[in-house]
Amino acid sequence: MTALRGRAASGTGNTGGRYYSDPRFYDDATLGMPNERRMLFIAAGLFLERAMRMPGSRTDGFWRGRGVETRDSLTRVSVLDMCCGTGNFANQISLVHPKIEVTGIDFNEKFVTFAKEKFGDLGWKFVSGDAVTYSFGTFFDFILMSSAYHHIEDGRKADFLSNARRHMRNTGDCLVCDNFLPDYSSKHGRESAITRYYMALAKHYEENRVPKETMEALREVEKLEVAGVEEHKVSYRLFLRDAENAGLRVVMDLPVWQPEDFQHDNAGSHVILLRKS
Ligand SMILES: C[S@@+](CC[C@H](N)C(=O)[O-])C[C@H]1O[C@@H](n2cnc3c(N)ncnc32)[C@H](O)[C@@H]1O
């Protein structure tokens with residue numbers, strides 16, 4: 001376990017399973033996850049709404065003007081995708097915004113190489129590094145984080161969000177897609193929360209008849225979560241605490257997958273818009 005922890009922490013993607021070591025398998029399995037897919041679609045809609053308000057873009061939307069022309073009028077925006085993996089989040093955003101300038105950072109070399117090969121000819125840049133500490137020395141119009149916060153070790157989560165804030169303009173937006181456990185107040189409570197979370201998610205996937213690769217990925221992720229390797233989900237309450245400590249506030253919170261018994265703790269899959277406090 002110690003060796004596994006060391007390998008995962010250095011970001012080789014070698015967690016002992018296929019999900020984080022094979023970029024193609026990662027993409028296929030993730031595509032089959034209804035909660036993950038929906039988070040990205042909703043986040044892309046929010047991104048478009050915000051981008052249409054950027055100086056220079058037309059704001060007459062689809063009412064007075066014509067959508068195709070409004071889309072063409074969108075001004076260039078810079079985007080930092082933190083823990084970008086294979087570049088999925090930025091790729092989803094490019095469905096709605098044709099002029100994004102993407103910089104991605106991830107410490108999984110296999111994912112970064114894959115992203116460079118897939119998107120390099122679009123001018124998108126991908127860096128191999130630690131998203132908690134890396135400084136680009138510049139500001140971005142948008143920060144993206146999809147399944148990023150919950151991959152950071154608990155003791156570094158607030159620093160991770162602070163690093164996002166450091167790269168945000170004063171009026172900038174940070175779009176988060178993430179998954180939260182039911183709340184807990186002890187180590188044992190967290191273990192029960194993990195069991196409840198993965199049981200509910202497996203039921204959701206079964207009801208949606210997801211592909212077998214997706215079910216395999218879910219089982220792998222659950223094992224990593226229990227082992228505290230690569231997966232470090234927390235509750236929404238703890239996320240709010242970290243965001244506050246990092247000088248960020250939630251201006252929009254959209255639960256995307258949330259079984260009834262998760263509502264009390266606001267657990268489940270969310271799209272969240274953060275701004276500077
Ligand atoms: C579930 S994947 C999400 C990838 C991508 N954002 C997506 O939505 O498909 C989590 C990613 O976080 C990366 N990661 C975890 N900790 C990191 C760190 N400290 N610095 C950079 N990347 C990190 C992992 O390598 C992995 O690619």
# chains A, B, ... in the order shown; residues from 1 in each chain; ligands from 1

call {"tool": "residues_around", "arguments": {"residues": "Leu201 in chain A", "least_positions_apart": "2", "cutoff": "12 Å", "atoms": "only C-alpha atoms", "output": "mmCIF file with C-alpha atoms, in the first residue's frame"}}
result
data_model
loop_
_atom_site.group_PDB
_atom_site.id
_atom_site.type_symbol
_atom_site.label_atom_id
_atom_site.label_comp_id
_atom_site.auth_asym_id
_atom_site.auth_seq_id
_atom_site.Cartn_x
_atom_site.Cartn_y
_atom_site.Cartn_z
ATOM 1 C CA MET A 33 -21.063 7.812 -16.574
ATOM 2 C CA PRO A 34 -24.391 9.675 -16.727
ATOM 3 C CA ASN A 35 -23.599 11.980 -13.772
ATOM 4 C CA GLU A 36 -20.171 12.955 -15.155
ATOM 5 C CA ASN A 179 -18.741 14.701 -6.372
ATOM 6 C CA PHE A 180 -19.409 14.934 -2.635
ATOM 7 C CA LEU A 181 -19.945 12.296 0.035
ATOM 8 C CA ILE A 194 -18.108 6.144 1.227
ATOM 9 C CA THR A 195 -20.177 2.937 1.357
ATOM 10 C CA ARG A 196 -23.452 4.885 1.052
ATOM 11 C CA TYR A 197 -22.089 7.027 -1.772
ATOM 12 C CA TYR A 198 -20.838 4.146 -3.934
ATOM 13 C CA MET A 199 -23.925 2.004 -3.316
ATOM 14 C CA LYS A 203 -27.627 1.792 -8.364
ATOM 15 C CA HIS A 204 -27.779 4.903 -10.554
ATOM 16 C CA TYR A 205 -25.413 3.321 -13.099
ATOM 17 C CA GLU A 206 -27.317 0.026 -13.078
ATOM 18 C CA GLU A 207 -30.610 1.851 -13.671
ATOM 19 C CA ASN A 208 -28.982 3.643 -16.599
ATOM 20 C CA VAL A 210 -24.052 1.825 -18.290
ATOM 21 C CA THR A 214 -17.969 2.112 -16.751
ATOM 22 C CA MET A 215 -18.952 -0.394 -14.080
ATOM 23 C CA LEU A 218 -16.612 2.536 -10.765
ATOM 24 C CA ARG A 219 -15.378 -0.515 -8.852
ATOM 25 C CA VAL A 221 -12.493 4.110 -8.140
ATOM 26 C CA GLU A 222 -14.340 2.789 -5.074
ATOM 27 C CA TRP A 257 -27.126 13.773 -9.454
ATOM 28 C CA GLN A 258 -28.554 13.748 -5.942
ATOM 29 C CA PRO A 259 -30.669 10.871 -4.596
ATOM 30 C CA PHE A 262 -28.398 12.880 -0.138
ATOM 31 C CA ALA A 267 -24.076 15.223 -1.398
ATOM 32 C CA GLY A 268 -23.815 13.875 -4.965
ATOM 33 C CA SER A 269 -22.559 15.367 -8.241
#

call {"tool": "residues_near_ligand", "arguments": {"ligand": "ligand 1", "cutoff": "9 Å", "atoms": "only C-alpha atoms and all ligand atoms", "output": "PDB file with N, CA and C atoms, in the first residue's frame"}}
result
ATOM      1  N   ALA A   8       1.107   6.801  -6.787  1.00  0.00           N
ATOM      2  CA  ALA A   8      -0.032   7.636  -7.132  1.00  0.00           C
ATOM      3  C   ALA A   8       0.294   9.097  -6.865  1.00  0.00           C
ATOM      4  N   ALA A   9       0.986   9.358  -5.741  1.00  0.00           N
ATOM      5  CA  ALA A   9       1.259  10.741  -5.368  1.00  0.00           C
ATOM      6  C   ALA A   9       2.206  11.404  -6.366  1.00  0.00           C
ATOM      7  N   SER A  10       3.100  10.616  -6.984  1.00  0.00           N
ATOM      8  CA  SER A  10       4.003  11.239  -7.936  1.00  0.00           C
ATOM      9  C   SER A  10       3.356  11.374  -9.313  1.00  0.00           C
ATOM     10  N   GLY A  11       2.136  10.893  -9.447  1.00  0.00           N
ATOM     11  CA  GLY A  11       1.366  11.190 -10.635  1.00  0.00           C
ATOM     12  C   GLY A  11       1.719  10.394 -11.866  1.00  0.00           C
ATOM     13  N   THR A  12       2.123   9.142 -11.718  1.00  0.00           N
ATOM     14  CA  THR A  12       2.432   8.343 -12.894  1.00  0.00           C
ATOM     15  C   THR A  12       1.178   7.716 -13.474  1.00  0.00           C
ATOM     16  N   GLY A  13       0.075   7.807 -12.766  1.00  0.00           N
ATOM     17  CA  GLY A  13      -1.156   7.169 -13.226  1.00  0.00           C
ATOM     18  C   GLY A  13      -1.145   5.683 -12.954  1.00  0.00           C
ATOM     19  N   TYR A  20      -6.925   4.879 -14.435  1.00  0.00           N
ATOM     20  CA  TYR A  20      -6.015   6.027 -14.456  1.00  0.00           C
ATOM     21  C   TYR A  20      -4.682   5.732 -15.145  1.00  0.00           C
ATOM     22  N   TYR A  26      -9.907   5.354 -19.883  1.00  0.00           N
ATOM     23  CA  TYR A  26     -10.444   6.423 -19.017  1.00  0.00           C
ATOM     24  C   TYR A  26     -11.564   7.169 -19.754  1.00  0.00           C
ATOM     25  N   ASP A  27     -11.274   7.581 -20.988  1.00  0.00           N
ATOM     26  CA  ASP A  27     -12.267   8.360 -21.749  1.00  0.00           C
ATOM     27  C   ASP A  27     -13.532   7.542 -22.012  1.00  0.00           C
ATOM     28  N   THR A  30     -15.479   6.956 -18.737  1.00  0.00           N
ATOM     29  CA  THR A  30     -16.064   8.197 -18.202  1.00  0.00           C
ATOM     30  C   THR A  30     -17.262   8.634 -19.043  1.00  0.00           C
ATOM     31  N   GLU A  36     -21.340  12.200 -14.691  1.00  0.00           N
ATOM     32  CA  GLU A  36     -20.171  12.955 -15.155  1.00  0.00           C
ATOM     33  C   GLU A  36     -20.496  13.679 -16.464  1.00  0.00           C
ATOM     34  N   LEU A  40     -20.692  17.926 -17.231  1.00  0.00           N
ATOM     35  CA  LEU A  40     -19.928  18.650 -18.250  1.00  0.00           C
ATOM     36  C   LEU A  40     -20.841  19.427 -19.196  1.00  0.00           C
ATOM     37  N   ASP A  81      -7.299  24.650 -17.246  1.00  0.00           N
ATOM     38  CA  ASP A  81      -7.969  23.416 -16.811  1.00  0.00           C
ATOM     39  C   ASP A  81      -7.057  22.721 -15.797  1.00  0.00           C
ATOM     40  N   MET A  82      -7.441  22.800 -14.522  1.00  0.00           N
ATOM     41  CA  MET A  82      -6.595  22.245 -13.455  1.00  0.00           C
ATOM     42  C   MET A  82      -6.940  20.780 -13.227  1.00  0.00           C
ATOM     43  N   CYS A  83      -5.925  19.929 -13.218  1.00  0.00           N
ATOM     44  CA  CYS A  83      -6.115  18.471 -13.199  1.00  0.00           C
ATOM     45  C   CYS A  83      -6.905  18.081 -14.447  1.00  0.00           C
ATOM     46  N   CYS A  84      -6.347  18.477 -15.594  1.00  0.00           N
ATOM     47  CA  CYS A  84      -7.066  18.360 -16.876  1.00  0.00           C
ATOM     48  C   CYS A  84      -7.225  16.932 -17.354  1.00  0.00           C
ATOM     49  N   GLY A  85      -6.412  15.985 -16.837  1.00  0.00           N
ATOM     50  CA  GLY A  85      -6.484  14.611 -17.324  1.00  0.00           C
ATOM     51  C   GLY A  85      -6.269  14.566 -18.820  1.00  0.00           C
ATOM     52  N   THR A  86      -7.198  13.938 -19.544  1.00  0.00           N
ATOM     53  CA  THR A  86      -7.079  13.805 -21.002  1.00  0.00           C
ATOM     54  C   THR A  86      -7.625  15.024 -21.749  1.00  0.00           C
ATOM     55  N   GLY A  87      -8.028  16.058 -21.010  1.00  0.00           N
ATOM     56  CA  GLY A  87      -8.517  17.297 -21.650  1.00  0.00           C
ATOM     57  C   GLY A  87     -10.016  17.311 -21.891  1.00  0.00           C
ATOM     58  N   ASN A  88     -10.744  16.436 -21.191  1.00  0.00           N
ATOM     59  CA  ASN A  88     -12.183  16.295 -21.441  1.00  0.00           C
ATOM     60  C   ASN A  88     -13.005  17.548 -21.204  1.00  0.00           C
ATOM     61  N   PHE A  89     -12.696  18.260 -20.115  1.00  0.00           N
ATOM     62  CA  PHE A  89     -13.551  19.392 -19.754  1.00  0.00           C
ATOM     63  C   PHE A  89     -13.426  20.496 -20.816  1.00  0.00           C
ATOM     64  N   ALA A  90     -12.187  20.843 -21.147  1.00  0.00           N
ATOM     65  CA  ALA A  90     -11.992  21.881 -22.169  1.00  0.00           C
ATOM     66  C   ALA A  90     -12.591  21.420 -23.504  1.00  0.00           C
ATOM     67  N   ILE A 105      -3.165  21.470 -16.890  1.00  0.00           N
ATOM     68  CA  ILE A 105      -2.084  20.929 -16.049  1.00  0.00           C
ATOM     69  C   ILE A 105      -2.567  19.665 -15.355  1.00  0.00           C
ATOM     70  N   ASP A 106      -1.707  18.650 -15.370  1.00  0.00           N
ATOM     71  CA  ASP A 106      -2.010  17.388 -14.692  1.00  0.00           C
ATOM     72  C   ASP A 106      -0.673  16.724 -14.388  1.00  0.00           C
ATOM     73  N   PHE A 107      -0.628  15.902 -13.344  1.00  0.00           N
ATOM     74  CA  PHE A 107       0.664  15.247 -13.071  1.00  0.00           C
ATOM     75  C   PHE A 107       0.707  13.799 -13.560  1.00  0.00           C
ATOM     76  N   ASN A 108      -0.353  13.375 -14.260  1.00  0.00           N
ATOM     77  CA  ASN A 108      -0.337  12.042 -14.868  1.00  0.00           C
ATOM     78  C   ASN A 108       0.253  12.171 -16.285  1.00  0.00           C
ATOM     79  N   GLU A 109       1.503  11.712 -16.421  1.00  0.00           N
ATOM     80  CA  GLU A 109       2.231  11.894 -17.682  1.00  0.00           C
ATOM     81  C   GLU A 109       1.502  11.261 -18.870  1.00  0.00           C
ATOM     82  N   LYS A 110       0.880  10.107 -18.623  1.00  0.00           N
ATOM     83  CA  LYS A 110       0.198   9.414 -19.739  1.00  0.00           C
ATOM     84  C   LYS A 110      -0.967  10.254 -20.241  1.00  0.00           C
ATOM     85  N   PHE A 111      -1.714  10.848 -19.303  1.00  0.00           N
ATOM     86  CA  PHE A 111      -2.854  11.674 -19.691  1.00  0.00           C
ATOM     87  C   PHE A 111      -2.384  12.945 -20.409  1.00  0.00           C
ATOM     88  N   VAL A 112      -1.315  13.544 -19.904  1.00  0.00           N
ATOM     89  CA  VAL A 112      -0.812  14.783 -20.511  1.00  0.00           C
ATOM     90  C   VAL A 112      -0.319  14.509 -21.938  1.00  0.00           C
ATOM     91  N   SER A 128       2.889  19.128 -17.545  1.00  0.00           N
ATOM     92  CA  SER A 128       2.943  18.080 -16.539  1.00  0.00           C
ATOM     93  C   SER A 128       3.448  18.706 -15.242  1.00  0.00           C
ATOM     94  N   GLY A 129       2.606  18.731 -14.207  1.00  0.00           N
ATOM     95  CA  GLY A 129       3.034  19.359 -12.956  1.00  0.00           C
ATOM     96  C   GLY A 129       1.997  19.225 -11.870  1.00  0.00           C
ATOM     97  N   ASP A 130       2.352  19.746 -10.703  1.00  0.00           N
ATOM     98  CA  ASP A 130       1.471  19.665  -9.538  1.00  0.00           C
ATOM     99  C   ASP A 130       0.552  20.895  -9.519  1.00  0.00           C
ATOM    100  N   ALA A 131      -0.735  20.659  -9.689  1.00  0.00           N
ATOM    101  CA  ALA A 131      -1.701  21.765  -9.792  1.00  0.00           C
ATOM    102  C   ALA A 131      -1.871  22.512  -8.472  1.00  0.00           C
ATOM    103  N   VAL A 132      -1.349  21.976  -7.384  1.00  0.00           N
ATOM    104  CA  VAL A 132      -1.478  22.653  -6.083  1.00  0.00           C
ATOM    105  C   VAL A 132      -0.456  23.788  -5.976  1.00  0.00           C
ATOM    106  N   THR A 133       0.695  23.591  -6.595  1.00  0.00           N
ATOM    107  CA  THR A 133       1.791  24.553  -6.389  1.00  0.00           C
ATOM    108  C   THR A 133       2.230  25.286  -7.665  1.00  0.00           C
ATOM    109  N   TYR A 134       1.901  24.752  -8.825  1.00  0.00           N
ATOM    110  CA  TYR A 134       2.433  25.300 -10.083  1.00  0.00           C
ATOM    111  C   TYR A 134       1.944  26.738 -10.309  1.00  0.00           C
ATOM    112  N   LEU A 144     -11.093  25.943 -14.915  1.00  0.00           N
ATOM    113  CA  LEU A 144     -11.932  24.738 -14.946  1.00  0.00           C
ATOM    114  C   LEU A 144     -11.371  23.700 -13.986  1.00  0.00           C
ATOM    115  N   MET A 145     -12.279  23.004 -13.314  1.00  0.00           N
ATOM    116  CA  MET A 145     -11.865  21.885 -12.434  1.00  0.00           C
ATOM    117  C   MET A 145     -12.942  20.817 -12.518  1.00  0.00           C
ATOM    118  N   SER A 146     -12.663  19.750 -13.215  1.00  0.00           N
ATOM    119  CA  SER A 146     -13.645  18.674 -13.277  1.00  0.00           C
ATOM    120  C   SER A 146     -13.055  17.445 -12.593  1.00  0.00           C
ATOM    121  N   SER A 147     -13.738  16.944 -11.580  1.00  0.00           N
ATOM    122  CA  SER A 147     -13.218  15.831 -10.782  1.00  0.00           C
ATOM    123  C   SER A 147     -11.764  16.086 -10.421  1.00  0.00           C
ATOM    124  N   ALA A 148     -11.490  17.296  -9.987  1.00  0.00           N
ATOM    125  CA  ALA A 148     -10.132  17.714  -9.649  1.00  0.00           C
ATOM    126  C   ALA A 148      -9.978  17.832  -8.134  1.00  0.00           C
ATOM    127  N   TYR A 149     -10.828  18.664  -7.516  1.00  0.00           N
ATOM    128  CA  TYR A 149     -10.733  18.911  -6.063  1.00  0.00           C
ATOM    129  C   TYR A 149     -10.696  17.593  -5.287  1.00  0.00           C
ATOM    130  N   HIS A 150     -11.521  16.629  -5.665  1.00  0.00           N
ATOM    131  CA  HIS A 150     -11.581  15.397  -4.861  1.00  0.00           C
ATOM    132  C   HIS A 150     -10.383  14.480  -5.115  1.00  0.00           C
ATOM    133  N   HIS A 151      -9.516  14.861  -6.053  1.00  0.00           N
ATOM    134  CA  HIS A 151      -8.293  14.075  -6.268  1.00  0.00           C
ATOM    135  C   HIS A 151      -7.118  14.609  -5.463  1.00  0.00           C
ATOM    136  N   ILE A 152      -7.308  15.742  -4.824  1.00  0.00           N
ATOM    137  CA  ILE A 152      -6.230  16.351  -4.046  1.00  0.00           C
ATOM    138  C   ILE A 152      -6.329  15.852  -2.603  1.00  0.00           C
ATOM    139  N   GLU A 153      -5.202  15.514  -2.003  1.00  0.00           N
ATOM    140  CA  GLU A 153      -5.190  15.037  -0.616  1.00  0.00           C
ATOM    141  C   GLU A 153      -5.825  16.102   0.278  1.00  0.00           C
ATOM    142  N   ARG A 156      -4.185  19.329   1.387  1.00  0.00           N
ATOM    143  CA  ARG A 156      -3.725  20.269   0.347  1.00  0.00           C
ATOM    144  C   ARG A 156      -4.892  20.878  -0.433  1.00  0.00           C
ATOM    145  N   PHE A 160      -4.910  24.010  -3.006  1.00  0.00           N
ATOM    146  CA  PHE A 160      -5.275  23.806  -4.421  1.00  0.00           C
ATOM    147  C   PHE A 160      -6.248  24.906  -4.875  1.00  0.00           C
ATOM    148  N   CYS A 177     -16.798  20.911 -11.465  1.00  0.00           N
ATOM    149  CA  CYS A 177     -17.693  19.745 -11.515  1.00  0.00           C
ATOM    150  C   CYS A 177     -17.120  18.765 -10.491  1.00  0.00           C
ATOM    151  N   GLU A 230      -5.354   8.262  -4.647  1.00  0.00           N
ATOM    152  CA  GLU A 230      -5.870   8.984  -5.823  1.00  0.00           C
ATOM    153  C   GLU A 230      -7.247   9.618  -5.593  1.00  0.00           C
ATOM    154  N   GLU A 231      -8.147   8.898  -4.959  1.00  0.00           N
ATOM    155  CA  GLU A 231      -9.510   9.407  -4.720  1.00  0.00           C
ATOM    156  C   GLU A 231      -9.628   9.882  -3.279  1.00  0.00           C
TER     157      GLU A 231
END

call {"tool": "select_by_dssp", "arguments": {"residues": "range 103-169 of chain A", "states": "helix (DSSP H, G or I)", "output": "VMD selection string"}}
result
chain A and resid 109 to 122 149 to 151 154 to 166

call {"tool": "atom_distance", "arguments": {"atom1": "CA of Lys233 in chain A", "atom2": "CA of Val102 in chain A"}}
result
26.5 Å

call {"tool": "closest_atom_pairs", "arguments": {"of": "range 123-230 of chain A", "to": "range 41-63 of chain A", "cutoff": "12 Å", "atoms": "only C-alpha atoms", "output": "CSV"}}
result
residue,atom,partner,partner_atom,distance
A:Asp141,CA,A:Ala51,CA,9.0
A:Phe142,CA,A:Phe47,CA,8.5
A:Ile143,CA,A:Phe47,CA,10.3
A:Leu144,CA,A:Ala43,CA,9.4
A:Met145,CA,A:Ala43,CA,10.3
A:Ser146,CA,A:Ala43,CA,9.5
A:Thr171,CA,A:Met54,CA,10.5
A:Gly172,CA,A:Arg50,CA,9.6
A:Asp173,CA,A:Arg50,CA,8.2
A:Cys174,CA,A:Phe47,CA,9.6
A:Leu175,CA,A:Ala43,CA,6.9
A:Val176,CA,A:Ala43,CA,8.0
A:Cys177,CA,A:Ala43,CA,7.4
A:Asp178,CA,A:Ala43,CA,11.1

call {"tool": "residues_around", "arguments": {"residues": "Gly247 in chain A", "least_positions_apart": "5", "cutoff": "9 Å", "atoms": "only C-alpha atoms", "output": "MDAnalysis selection string"}}
result
chainID A and resid 161:162 165 242 275:277

call {"tool": "select_by_dssp", "arguments": {"residues": "range 168-266 of chain A", "states": "strand (DSSP E)", "output": "MDAnalysis selection string"}}
result
chainID A and resid 168:180 248:257

call {"tool": "residues_around", "arguments": {"residues": "His167 in chain A", "least_positions_apart": "3", "cutoff": "7 Å", "atoms": "only C-alpha atoms", "output": "list of chain:residue names"}}
result
A:Thr138, A:Phe139, A:Phe140, A:Asn163, A:Ala164

call {"tool": "write_last_selection", "arguments": {"atoms": "N, CA and C atoms", "output": "PDB file, in the first residue's frame"}}
result
ATOM      1  N   THR A 138       0.395  34.160 -14.644  1.00  0.00           N
ATOM      2  CA  THR A 138      -0.548  34.965 -15.428  1.00  0.00           C
ATOM      3  C   THR A 138      -1.969  34.689 -14.931  1.00  0.00           C
ATOM      4  N   PHE A 139      -2.922  35.498 -15.417  1.00  0.00           N
ATOM      5  CA  PHE A 139      -4.331  35.273 -15.057  1.00  0.00           C
ATOM      6  C   PHE A 139      -5.064  34.658 -16.244  1.00  0.00           C
ATOM      7  N   PHE A 140      -6.127  33.938 -15.937  1.00  0.00           N
ATOM      8  CA  PHE A 140      -6.957  33.316 -16.981  1.00  0.00           C
ATOM      9  C   PHE A 140      -8.395  33.834 -16.844  1.00  0.00           C
ATOM     10  N   ASN A 163      -4.553  28.169  -5.176  1.00  0.00           N
ATOM     11  CA  ASN A 163      -3.773  28.280  -6.417  1.00  0.00           C
ATOM     12  C   ASN A 163      -4.687  28.627  -7.594  1.00  0.00           C
ATOM     13  N   ALA A 164      -5.908  28.088  -7.575  1.00  0.00           N
ATOM     14  CA  ALA A 164      -6.882  28.469  -8.614  1.00  0.00           C
ATOM     15  C   ALA A 164      -7.161  29.962  -8.502  1.00  0.00           C
TER      16      ALA A 164
END

call {"tool": "atom_distance", "arguments": {"atom1": "CA of Ile272 in chain A", "atom2": "CA of Pro255 in chain A"}}
result
8.4 Å

call {"tool": "atom_distance", "arguments": {"atom1": "CA of Asn170 in chain A", "atom2": "CA of Ile100 in chain A"}}
result
19.5 Å

call {"tool": "decode", "arguments": {"residues": "range 125-156 of chain A", "atoms": "C-alpha atoms", "output": "CSV table (one decimal), in the first residue's frame"}}
result
chain,number,residue,atom,x,y,z
A,125,LYS,CA,-1.0,23.6,-24.2
A,126,PHE,CA,-0.6,20.9,-21.6
A,127,VAL,CA,1.9,20.9,-18.7
A,128,SER,CA,2.9,18.1,-16.5
A,129,GLY,CA,3.0,19.4,-13.0
A,130,ASP,CA,1.5,19.7,-9.5
A,131,ALA,CA,-1.7,21.8,-9.8
A,132,VAL,CA,-1.5,22.7,-6.1
A,133,THR,CA,1.8,24.6,-6.4
A,134,TYR,CA,2.4,25.3,-10.1
A,135,SER,CA,2.4,29.0,-11.1
A,136,PHE,CA,1.8,30.1,-14.6
A,137,GLY,CA,2.5,33.7,-13.7
A,138,THR,CA,-0.5,35.0,-15.4
A,139,PHE,CA,-4.3,35.3,-15.1
A,140,PHE,CA,-7.0,33.3,-17.0
A,141,ASP,CA,-10.5,34.3,-17.9
A,142,PHE,CA,-11.8,31.0,-16.7
A,143,ILE,CA,-10.6,28.2,-14.4
A,144,LEU,CA,-11.9,24.7,-14.9
A,145,MET,CA,-11.9,21.9,-12.4
A,146,SER,CA,-13.6,18.7,-13.3
A,147,SER,CA,-13.2,15.8,-10.8
A,148,ALA,CA,-10.1,17.7,-9.6
A,149,TYR,CA,-10.7,18.9,-6.1
A,150,HIS,CA,-11.6,15.4,-4.9
A,151,HIS,CA,-8.3,14.1,-6.3
A,152,ILE,CA,-6.2,16.4,-4.0
A,153,GLU,CA,-5.2,15.0,-0.6
A,154,ASP,CA,-7.3,16.6,2.2
A,155,GLY,CA,-4.5,18.6,3.7
A,156,ARG,CA,-3.7,20.3,0.3
